[in-house]
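Coordinates as given in model11.pdb (PDB, C-alpha atoms):
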ATOM      1  CA  MET M 257       0.000   0.000   0.000
ATOM      2  CA  GLN M 258       1.378   3.365  -1.015
ATOM      3  CA  ALA M 259       0.256   6.482   0.866
ATOM      4  CA  SER M 260       0.776   8.818  -2.052
ATOM      5  CA  SER M 261      -1.962  11.288  -1.217
ATOM      6  CA  SER M 262      -3.613  12.655   1.901
ATOM      7  CA  LEU M 263      -7.336  12.734   2.457
ATOM      8  CA  SER M 264      -7.116  16.462   3.155
ATOM      9  CA  ASN M 265      -5.841  17.017  -0.394
ATOM     10  CA  ALA M 266      -8.686  15.079  -2.005
ATOM     11  CA  THR M 267     -11.627  17.256  -2.993
ATOM     12  CA  ASN M 268     -14.143  14.680  -4.262
ATOM     13  CA  VAL M 269     -14.552  12.851  -0.979
ATOM     14  CA  ASP M 270     -16.883  12.971   2.001
ATOM     15  CA  PRO M 271     -14.698  12.372   5.097
ATOM     16  CA  SER M 272     -17.698  11.118   7.071
ATOM     17  CA  GLU M 273     -18.277   8.421   4.447
ATOM     18  CA  VAL M 274     -14.622   7.338   4.593
ATOM     19  CA  ASP M 275     -14.732   7.286   8.389
ATOM     20  CA  LYS M 276     -17.907   5.199   8.320
ATOM     21  CA  PHE M 277     -16.228   2.377   6.397
ATOM     22  CA  ASN M 278     -12.875   2.714   8.176
ATOM     23  CA  LYS M 279     -14.623   1.943  11.452
ATOM     24  CA  LEU M 280     -15.955  -1.295   9.960
ATOM     25  CA  ALA M 281     -12.640  -2.331   8.372
ATOM     26  CA  HIS M 282     -12.104  -5.245  10.765
ATOM     27  CA  GLU M 283     -15.284  -6.840   9.377
ATOM     28  CA  TRP M 284     -14.394  -6.817   5.653
ATOM     29  CA  TRP M 285     -13.436 -10.500   5.548
ATOM     30  CA  ASP M 286     -16.064 -11.747   7.986
ATOM     31  CA  ASN M 287     -18.696 -13.208   5.677
ATOM     32  CA  THR M 288     -21.268 -13.011   8.473
ATOM     33  CA  GLY M 289     -20.424  -9.419   9.466
ATOM     34  CA  ALA M 290     -21.244  -5.947   8.167
ATOM     35  CA  PHE M 291     -20.186  -6.855   4.618
ATOM     36  CA  ALA M 292     -21.930 -10.230   4.421
ATOM     37  CA  THR M 293     -24.123  -8.963   1.588
ATOM     38  CA  LEU M 294     -21.071  -8.094  -0.536
ATOM     39  CA  HIS M 295     -19.659 -11.580   0.003
ATOM     40  CA  HIS M 296     -22.969 -13.089  -1.067
ATOM     41  CA  ILE M 297     -23.403 -11.007  -4.224
ATOM     42  CA  ASN M 298     -19.753 -11.122  -5.291
ATOM     43  CA  PRO M 299     -19.976 -14.308  -7.410
ATOM     44  CA  LEU M 300     -22.937 -12.830  -9.301
ATOM     45  CA  ARG M 301     -21.283  -9.503 -10.003
ATOM     46  CA  LEU M 302     -17.919 -11.128 -10.797
ATOM     47  CA  ASN M 303     -19.458 -13.366 -13.462
ATOM     48  CA  TRP M 304     -21.393 -10.433 -14.949
ATOM     49  CA  ILE M 305     -18.236  -8.321 -15.027
ATOM     50  CA  GLU M 306     -16.305 -11.057 -16.805
ATOM     51  CA  ASP M 307     -19.119 -11.641 -19.315
ATOM     52  CA  ASN M 308     -19.088  -7.946 -20.170
ATOM     53  CA  ILE M 309     -15.315  -7.876 -20.506
ATOM     54  CA  LYS M 310     -15.608 -10.676 -23.066
ATOM     55  CA  ARG M 311     -18.432  -8.841 -24.821
ATOM     56  CA  GLY M 312     -16.576  -5.533 -24.821
ATOM     57  CA  TYR M 313     -13.442  -7.013 -26.346
ATOM     58  CA  GLN M 314     -15.233  -8.979 -29.046
ATOM     59  CA  GLY M 315     -14.628  -7.698 -32.559
ATOM     60  CA  ILE M 316     -11.977  -5.122 -31.692
ATOM     61  CA  ASP M 317      -8.428  -5.246 -32.990
ATOM     62  CA  THR M 318      -6.272  -5.403 -29.855
ATOM     63  CA  ASP M 319      -3.910  -7.965 -28.364
ATOM     64  CA  LYS M 320      -6.403  -8.530 -25.526
ATOM     65  CA  THR M 321      -8.470 -11.566 -26.470
ATOM     66  CA  ALA M 322     -12.156 -11.531 -25.612
ATOM     67  CA  ASP M 323     -12.428 -15.212 -24.667
ATOM     68  CA  SER M 324      -9.866 -14.882 -21.884
ATOM     69  CA  GLY M 325     -12.132 -12.583 -19.869
ATOM     70  CA  LEU M 326     -10.248 -11.274 -16.837
ATOM     71  CA  MET M 327      -7.208 -13.446 -17.525
ATOM     72  CA  GLY M 328      -4.234 -11.258 -18.432
ATOM     73  CA  LYS M 329      -6.163  -7.992 -18.151
ATOM     74  CA  LYS M 330      -4.787  -5.012 -16.243
ATOM     75  CA  VAL M 331      -7.611  -4.017 -13.892
ATOM     76  CA  LEU M 332      -8.234  -1.003 -11.647
ATOM     77  CA  ASP M 333     -10.783  -1.370  -8.834
ATOM     78  CA  VAL M 334     -11.870   2.127  -7.740
ATOM     79  CA  GLY M 335     -13.148   2.356  -4.170
ATOM     80  CA  CYS M 336     -11.934  -1.184  -3.481
ATOM     81  CA  GLY M 337     -12.759  -1.165   0.236
ATOM     82  CA  GLY M 338     -11.362  -4.292   1.868
ATOM     83  CA  GLY M 339     -10.654  -5.955  -1.463
ATOM     84  CA  ILE M 340     -13.506  -8.461  -1.832
ATOM     85  CA  LEU M 341     -13.942  -7.833  -5.564
ATOM     86  CA  SER M 342     -10.256  -7.054  -6.165
ATOM     87  CA  GLU M 343      -9.176 -10.433  -4.819
ATOM     88  CA  SER M 344     -11.773 -12.349  -6.792
ATOM     89  CA  MET M 345     -10.623 -10.701 -10.042
ATOM     90  CA  ALA M 346      -6.973 -11.466  -9.226
ATOM     91  CA  ARG M 347      -7.914 -15.099  -8.643
ATOM     92  CA  ARG M 348      -9.272 -15.201 -12.192
ATOM     93  CA  GLY M 349      -5.926 -14.159 -13.603
ATOM     94  CA  ALA M 350      -6.169 -10.371 -13.718
ATOM     95  CA  ASP M 351      -3.378  -8.025 -12.644
ATOM     96  CA  VAL M 352      -5.302  -5.847 -10.178
ATOM     97  CA  THR M 353      -4.700  -2.482  -8.553
ATOM     98  CA  GLY M 354      -7.213  -1.466  -5.890
ATOM     99  CA  ILE M 355      -7.474   2.157  -4.762
ATOM    100  CA  ASP M 356      -9.348   3.645  -1.828
ATOM    101  CA  LEU M 357      -9.202   6.587   0.578
ATOM    102  CA  GLY M 358      -9.911   4.513   3.674
ATOM    103  CA  THR M 359      -6.579   3.670   5.282
ATOM    104  CA  GLU M 360      -8.054   0.979   7.522
ATOM    105  CA  ASN M 361      -9.830  -0.574   4.537
ATOM    106  CA  LEU M 362      -6.526  -0.785   2.674
ATOM    107  CA  LYS M 363      -4.752  -2.331   5.654
ATOM    108  CA  ALA M 364      -7.394  -5.054   5.800
ATOM    109  CA  ALA M 365      -7.194  -5.592   2.036
ATOM    110  CA  THR M 366      -3.393  -5.740   1.969
ATOM    111  CA  LEU M 367      -3.206  -8.172   4.875
ATOM    112  CA  HIS M 368      -5.764 -10.525   3.322
ATOM    113  CA  ALA M 369      -4.005 -10.414  -0.052
ATOM    114  CA  LYS M 370      -0.748 -11.476   1.607
ATOM    115  CA  GLN M 371      -2.500 -14.239   3.501
ATOM    116  CA  SER M 372      -4.033 -15.406   0.230
ATOM    117  CA  GLY M 373      -0.714 -15.468  -1.620
ATOM    118  CA  LEU M 374      -1.807 -12.889  -4.195
ATOM    119  CA  ASP M 375       1.031 -10.380  -3.698
ATOM    120  CA  GLU M 376       2.332 -10.793  -7.259
ATOM    121  CA  THR M 377      -0.884  -9.847  -9.040
ATOM    122  CA  LEU M 378      -2.717  -7.670  -6.503
ATOM    123  CA  ARG M 379      -1.683  -4.381  -4.925
ATOM    124  CA  TYR M 380      -3.430  -1.516  -3.146
ATOM    125  CA  GLN M 381      -2.842   2.223  -3.219
ATOM    126  CA  TYR M 382      -4.123   5.193  -1.238
ATOM    127  CA  ILE M 383      -4.884   7.773  -3.920
ATOM    128  CA  PRO M 384      -7.897   9.669  -5.334
ATOM    129  CA  VAL M 385      -8.931   8.286  -8.720
ATOM    130  CA  GLU M 386      -8.732  11.748 -10.296
ATOM    131  CA  GLN M 387      -5.086  12.027  -9.226
ATOM    132  CA  LEU M 388      -4.284   8.585 -10.608
ATOM    133  CA  ALA M 389      -5.945   9.530 -13.910
ATOM    134  CA  ALA M 390      -3.581  12.485 -14.243
ATOM    135  CA  THR M 391      -0.538  10.198 -14.205
ATOM    136  CA  HIS M 392      -1.796   6.836 -15.511
ATOM    137  CA  ALA M 393      -4.197   7.748 -18.335
ATOM    138  CA  GLY M 394      -4.942   4.912 -20.735
ATOM    139  CA  GLN M 395      -3.083   2.281 -18.716
ATOM    140  CA  PHE M 396      -5.884  -0.131 -17.744
ATOM    141  CA  ASP M 397      -7.893  -2.673 -19.740
ATOM    142  CA  VAL M 398     -10.745  -2.788 -17.226
ATOM    143  CA  VAL M 399     -11.945  -0.340 -14.548
ATOM    144  CA  THR M 400     -14.513  -1.286 -11.920
ATOM    145  CA  CYS M 401     -16.218   1.132  -9.538
ATOM    146  CA  MET M 402     -18.708  -0.725  -7.371
ATOM    147  CA  GLU M 403     -20.970   0.588  -4.596
ATOM    148  CA  MET M 404     -18.971   3.811  -4.406
ATOM    149  CA  LEU M 405     -20.625   6.478  -6.561
ATOM    150  CA  GLU M 406     -23.447   7.020  -4.057
ATOM    151  CA  HIS M 407     -20.864   7.927  -1.394
ATOM    152  CA  VAL M 408     -19.030  10.824  -3.100
ATOM    153  CA  PRO M 409     -19.963  14.497  -3.676
ATOM    154  CA  ASP M 410     -19.301  14.431  -7.454
ATOM    155  CA  PRO M 411     -19.895  10.994  -9.020
ATOM    156  CA  ALA M 412     -19.578  12.398 -12.566
ATOM    157  CA  ALA M 413     -15.933  13.295 -11.868
ATOM    158  CA  ILE M 414     -15.293   9.677 -10.834
ATOM    159  CA  VAL M 415     -16.843   8.377 -14.055
ATOM    160  CA  ASP M 416     -14.762  10.819 -16.103
ATOM    161  CA  ALA M 417     -11.581   9.681 -14.347
ATOM    162  CA  CYS M 418     -12.472   6.046 -15.073
ATOM    163  CA  PHE M 419     -12.735   6.934 -18.772
ATOM    164  CA  LYS M 420      -9.316   8.584 -18.756
ATOM    165  CA  LEU M 421      -7.687   5.613 -17.044
ATOM    166  CA  LEU M 422      -8.939   3.093 -19.600
ATOM    167  CA  ALA M 423      -7.015   2.160 -22.717
ATOM    168  CA  PRO M 424      -9.007   2.516 -25.967
ATOM    169  CA  GLY M 425     -11.375  -0.445 -26.268
ATOM    170  CA  GLY M 426     -11.390  -0.958 -22.499
ATOM    171  CA  VAL M 427     -14.424  -1.877 -20.406
ATOM    172  CA  CYS M 428     -15.766  -0.051 -17.337
ATOM    173  CA  ILE M 429     -18.233  -1.554 -14.861
ATOM    174  CA  LEU M 430     -20.152   0.774 -12.536
ATOM    175  CA  SER M 431     -22.644  -0.120  -9.834
ATOM    176  CA  THR M 432     -24.813   1.984  -7.562
ATOM    177  CA  ILE M 433     -28.362   2.330  -6.205
ATOM    178  CA  ASN M 434     -31.298   3.821  -8.062
ATOM    179  CA  ARG M 435     -33.080   6.778  -6.481
ATOM    180  CA  SER M 436     -36.667   5.556  -6.373
ATOM    181  CA  PRO M 437     -39.415   4.910  -3.809
ATOM    182  CA  LYS M 438     -38.643   1.194  -4.054
ATOM    183  CA  SER M 439     -34.939   1.730  -3.328
ATOM    184  CA  TYR M 440     -35.794   3.816  -0.252
ATOM    185  CA  LEU M 441     -38.035   1.017   0.979
ATOM    186  CA  PHE M 442     -35.614  -1.814   0.240
ATOM    187  CA  ALA M 443     -32.104  -0.315   0.559
ATOM    188  CA  ILE M 444     -32.706   1.905   3.587
ATOM    189  CA  ILE M 445     -35.861   0.923   5.497
ATOM    190  CA  GLY M 446     -35.560  -2.794   4.757
ATOM    191  CA  ALA M 447     -31.785  -3.362   4.695
ATOM    192  CA  GLU M 448     -30.772  -0.926   7.450
ATOM    193  CA  TYR M 449     -33.730  -0.806   9.846
ATOM    194  CA  VAL M 450     -35.817  -3.974   9.448
ATOM    195  CA  LEU M 451     -33.431  -6.736   8.359
ATOM    196  CA  ARG M 452     -30.296  -4.972   9.649
ATOM    197  CA  LEU M 453     -28.226  -6.254   6.732
ATOM    198  CA  LEU M 454     -26.335  -2.945   6.874
ATOM    199  CA  ASP M 455     -25.558  -0.487   9.664
ATOM    200  CA  ARG M 456     -28.018   2.393   9.977
ATOM    201  CA  GLY M 457     -26.806   5.426   8.070
ATOM    202  CA  THR M 458     -24.823   3.396   5.524
ATOM    203  CA  HIS M 459     -26.713   5.086   2.705
ATOM    204  CA  ASP M 460     -28.090   8.556   2.036
ATOM    205  CA  TYR M 461     -31.144   8.416  -0.243
ATOM    206  CA  ALA M 462     -30.398  11.865  -1.696
ATOM    207  CA  LYS M 463     -27.087  10.529  -3.067
ATOM    208  CA  PHE M 464     -28.680   7.627  -4.940
ATOM    209  CA  ILE M 465     -28.296   7.830  -8.734
ATOM    210  CA  THR M 466     -30.919   6.943 -11.323
ATOM    211  CA  PRO M 467     -29.871   4.831 -14.334
ATOM    212  CA  ALA M 468     -30.634   7.796 -16.604
ATOM    213  CA  GLU M 469     -28.316  10.027 -14.567
ATOM    214  CA  LEU M 470     -25.504   7.480 -14.577
ATOM    215  CA  ASP M 471     -25.957   6.848 -18.288
ATOM    216  CA  LYS M 472     -25.658  10.592 -18.928
ATOM    217  CA  MET M 473     -22.459  10.762 -16.846
ATOM    218  CA  ALA M 474     -20.966   7.875 -18.828
ATOM    219  CA  ILE M 475     -21.931   9.252 -22.249
ATOM    220  CA  THR M 476     -20.676  12.726 -21.300
ATOM    221  CA  ALA M 477     -17.338  11.192 -20.256
ATOM    222  CA  GLY M 478     -17.060   9.574 -23.710
ATOM    223  CA  PHE M 479     -18.207   6.001 -23.079
ATOM    224  CA  ASN M 480     -20.427   3.888 -25.308
ATOM    225  CA  ARG M 481     -23.325   2.024 -23.697
ATOM    226  CA  GLN M 482     -23.010  -1.755 -23.413
ATOM    227  CA  ASP M 483     -25.324  -3.361 -20.846
ATOM    228  CA  ILE M 484     -27.291  -2.758 -17.650
ATOM    229  CA  ILE M 485     -28.659  -5.220 -15.114
ATOM    230  CA  GLY M 486     -30.433  -5.169 -11.766
ATOM    231  CA  LEU M 487     -29.235  -7.086  -8.702
ATOM    232  CA  HIS M 488     -31.969  -8.558  -6.509
ATOM    233  CA  TYR M 489     -32.274 -10.228  -3.113
ATOM    234  CA  ASN M 490     -35.013 -12.178  -1.372
ATOM    235  CA  PRO M 491     -34.453 -11.881   2.415
ATOM    236  CA  LEU M 492     -36.716 -14.860   3.128
ATOM    237  CA  THR M 493     -34.961 -17.350   0.851
ATOM    238  CA  LYS M 494     -31.535 -15.633   1.078
ATOM    239  CA  ARG M 495     -31.396 -15.836  -2.714
ATOM    240  CA  TYR M 496     -29.572 -13.322  -4.940
ATOM    241  CA  TRP M 497     -30.119 -13.026  -8.677
ATOM    242  CA  LEU M 498     -29.710 -10.724 -11.674
ATOM    243  CA  ALA M 499     -32.700  -9.431 -13.666
ATOM    244  CA  GLN M 500     -33.636  -6.595 -15.992
ATOM    245  CA  ASN M 501     -35.472  -4.621 -13.285
ATOM    246  CA  VAL M 502     -33.160  -1.809 -12.108
ATOM    247  CA  ASP M 503     -35.417  -0.209  -9.485
ATOM    248  CA  VAL M 504     -32.910  -0.697  -6.630
ATOM    249  CA  ASN M 505     -29.339  -2.001  -7.069
ATOM    250  CA  TYR M 506     -27.943  -2.086 -10.594
ATOM    251  CA  MET M 507     -24.744  -2.430 -12.612
ATOM    252  CA  LEU M 508     -23.865  -0.599 -15.818
ATOM    253  CA  ALA M 509     -21.250  -1.796 -18.326
ATOM    254  CA  VAL M 510     -19.793   0.733 -20.779
ATOM    255  CA  HIS M 511     -16.746   0.707 -23.017
ATOM    256  CA  LYS M 512     -14.246   3.229 -24.307
ATOM    257  CA  PRO M 513     -14.201   3.578 -28.108
ATOM    258  CA  LEU M 514     -11.014   2.621 -29.928
ATOM    259  CA  THR M 515     -10.910   6.106 -31.397
ATOM    260  CA  SER M 516     -12.384   9.219 -29.870
ATOM    261  CA  THR M 517     -12.138  12.979 -30.138
ATOM    262  CA  HIS M 518     -13.518  13.428 -26.637
ATOM    263  CA  SER M 519     -11.824  16.202 -24.691
ATOM    264  CA  SER M 520     -10.948  14.008 -21.692
ATOM    265  CA  LEU M 521      -8.548  11.923 -23.757
TER
END

Written form, structure tokens:
Amino acid sequence: MQASSSLSNATNVDPSEVDKFNKLAHEWWDNTGAFATLHHINPLRLNWIEDNIKRGYQGIDTDKTADSGLMGKKVLDVGCGGGILSESMARRGADVTGIDLGTENLKAATLHAKQSGLDETLRYQYIPVEQLAATHAGQFDVVTCMEMLEHVPDPAAIVDACFKLLAPGGVCILSTINRSPKSYLFAIIGAEYVLRLLDRGTHDYAKFITPAELDKMAITAGFNRQDIIGLHYNPLTKRYWLAQNVDVNYMLAVHKPLTSTHSSL
């Protein structure tokens, strides 16, 4: 882990949000703790990410083969937290860099990576994504930014930085929570107060992002649309699944054109 930037120098961050997750850092790798839901949904989102990497690389003239999926891809995981997704992508053969502004999160992620023997293909860095984009533009084949956009003051700036960091033809996967009456009922009232799947105050409804808003951010950054899917959970059966309904949690896959005149290049 490299402490190359201080939180005080980062502008697109809510310190209270960082502090919230830092305080829970010891629970990242407890699959019955505060992040149990992330452990449960990770296989679903990992498979969907890999499917969209294959789809995004089909029919383009690069040395990155579509059929290999994550294998051999250089991946950046923005807002990696304790590394749940980062590790799973490294296990599938990707060379992964995870970045976050929670120092305790990164300590937990780094320790678990060492314990898992993934030091060669997985590393973590303390740096704002906008700062990394200024020095590493076009250096990643895949960028993921999961369950983070609803926790920052300016999500559009994050999406724009993801675009800059991708090599032409690269794939970006974004996930967040829709701002809808159903999401308020399920993601806040249900998950935080009734079922207690998450700590109270984990989410702020006003920061939720509709699919139309996220799509506009991505298109404005220069991305092309690829796919969108909803992630669903039945608390009675403990079953998770993907479906077209995007009323609550959803993932958006976009890709960077091989050629572009967009100003952020």

Quiz item: Which residue out of M:Ala477, M:His295, M:Ile445, M:Asn434 has the minimum interatomic distance to Val502 (chain M) when all atoms listed in the file are used?
Solution: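 Nearest candidate to Val502 (chain M) out of M:Ala477, M:His295, M:Ile445, M:Asn434: M:Asn434.
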
Self-check item: Interatomic distance, CA of Gly337 (chain M) to CA of Pro437 (chain M) (Å, one decimal)
Solution: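 CA of Gly337 (chain M) sits 27.6 Å away from CA of Pro437 (chain M).
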
Self-check item: Computed interatomic separation between CA of Asn505 (chain M) and CA of Ala346 (chain M) (Å)
Solution: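 So the two atoms, CA of Asn505 (chain M) and CA of Ala346 (chain M), lie 24.4 Å apart.
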
Quiz item: What is the distance between CA of Trp285 (chain M) and CA of Leu498 (chain M), in Å to one decimal?
Solution: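 Computing it gives 23.7 Å between the two atoms.
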
With a cut-off of 6 Å, could you pull out the residues of region 330-419 of chain M touching region 275-283 of chain M and give me the nearest pair of atoms for each, distance in Å to one decimal, using all atoms listed in the file, ordered by chain and ascending number, as a tab-separated table?
residue	atom	partner	partner_atom	distance
M:Gly358	CA	M:Asn278	CA	5.7
M:Glu360	CA	M:Asn278	CA	5.2
M:Asn361	CA	M:Ala281	CA	5.1

Quiz item: With all atoms listed in the file as the basis for distance, which of M:Met345, M:Ala468, M:Val408, M:Ile414 is at the shortest distance from Gln387 (chain M)?
Solution: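 The answer is M:Ile414, which sits nearest to Gln387 (chain M).
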
Quiz item: For Gly335 (chain M), which residue among M:Glu406, M:Asp416, M:Asp286, M:Asp503 is the nearest when counting only C-alpha atoms?
Solution: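 Of M:Glu406, M:Asp416, M:Asp286, M:Asp503, the one nearest Gly335 (chain M) is M:Glu406, counting only C-alpha atoms.
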
Practice problem: List the neighbours of Phe396 (chain M) out to 9 Å using all atoms listed in the file; skip same-chain residues closer than 2 positions along the sequence, and give me the result as a list in words. | Solution: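 Everything that qualifies: Lys329, Lys330, Val331, Leu332, His392, Ala393, Gly394, Val398, Val399, Leu421, Leu422, Ala423 and Gly426 of chain M.
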
Quiz prompt | Selection result for the PyMOL selection byres ((chain M and resi 348) around 9) on this file, as a ChimeraX atom specification | solution = /M:325-328,343-347,349-350

Quiz item: Between M:Thr359, M:Asn298, M:Ser342, M:Thr400, which one has atoms that come closest to Leu378 (chain M), using all atoms listed in the file?
Solution: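 Between M:Thr359, M:Asn298, M:Ser342, M:Thr400, the residue approaching Leu378 (chain M) most closely is M:Ser342.
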
Quiz item: Contacts of Leu357 (chain M) at 8 Å or less, counting only C-alpha atoms, minus same-chain residues fewer than 5 places along, as a PyMOL selection string?
Solution: chain M and resi 263+274+335+382-384

Written as a short mmCIF file (atom, residue, chain, number, x, y, z; two decimals) with C-alpha atoms, in the coordinates of the input, what is the full residue list that the PyMOL selection byres ((chain M and resi 470) around 10) yields on the file shown?
data_model
loop_
_atom_site.label_atom_id
_atom_site.label_comp_id
_atom_site.auth_asym_id
_atom_site.auth_seq_id
_atom_site.Cartn_x
_atom_site.Cartn_y
_atom_site.Cartn_z
CA LEU M 405 -20.62 6.48 -6.56
CA PRO M 411 -19.90 10.99 -9.02
CA ALA M 412 -19.58 12.40 -12.57
CA VAL M 415 -16.84 8.38 -14.06
CA LEU M 430 -20.15 0.77 -12.54
CA SER M 431 -22.64 -0.12 -9.83
CA THR M 432 -24.81 1.98 -7.56
CA ASN M 434 -31.30 3.82 -8.06
CA ILE M 465 -28.30 7.83 -8.73
CA THR M 466 -30.92 6.94 -11.32
CA PRO M 467 -29.87 4.83 -14.33
CA ALA M 468 -30.63 7.80 -16.60
CA GLU M 469 -28.32 10.03 -14.57
CA ASP M 471 -25.96 6.85 -18.29
CA LYS M 472 -25.66 10.59 -18.93
CA MET M 473 -22.46 10.76 -16.85
CA ALA M 474 -20.97 7.88 -18.83
CA ILE M 475 -21.93 9.25 -22.25
CA THR M 476 -20.68 12.73 -21.30
CA LEU M 508 -23.86 -0.60 -15.82
#

Practice problem: Apply the PyMOL selection byres ((chain M and resi 459) around 8) to the displayed file and report the matching residues as a list in words. | Solution: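 With the shown file as input, the PyMOL selection byres ((chain M and resi 459) around 8) matches Glu406, His407, Ala443, Ile444, Arg456, Gly457, Thr458, Asp460, Tyr461 and Lys463 of chain M.
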
Quiz item: Counting only C-alpha atoms, which of M:Val269, M:Leu341, M:Ala509, M:Ala413 gets nearest to Cys428 (chain M)?
Solution: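 The shortest atom-to-atom distance to Cys428 (chain M) comes from M:Ala509.
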
Quiz prompt | Given all atoms listed in the file as the counted atoms, nearest of M:Ile340, M:Ile433, M:Ala390, M:Ile305 to Thr366 (chain M) | solution =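 Looking only at the distances to Thr366 (chain M), the closest residue turns out to be M:Ile340.
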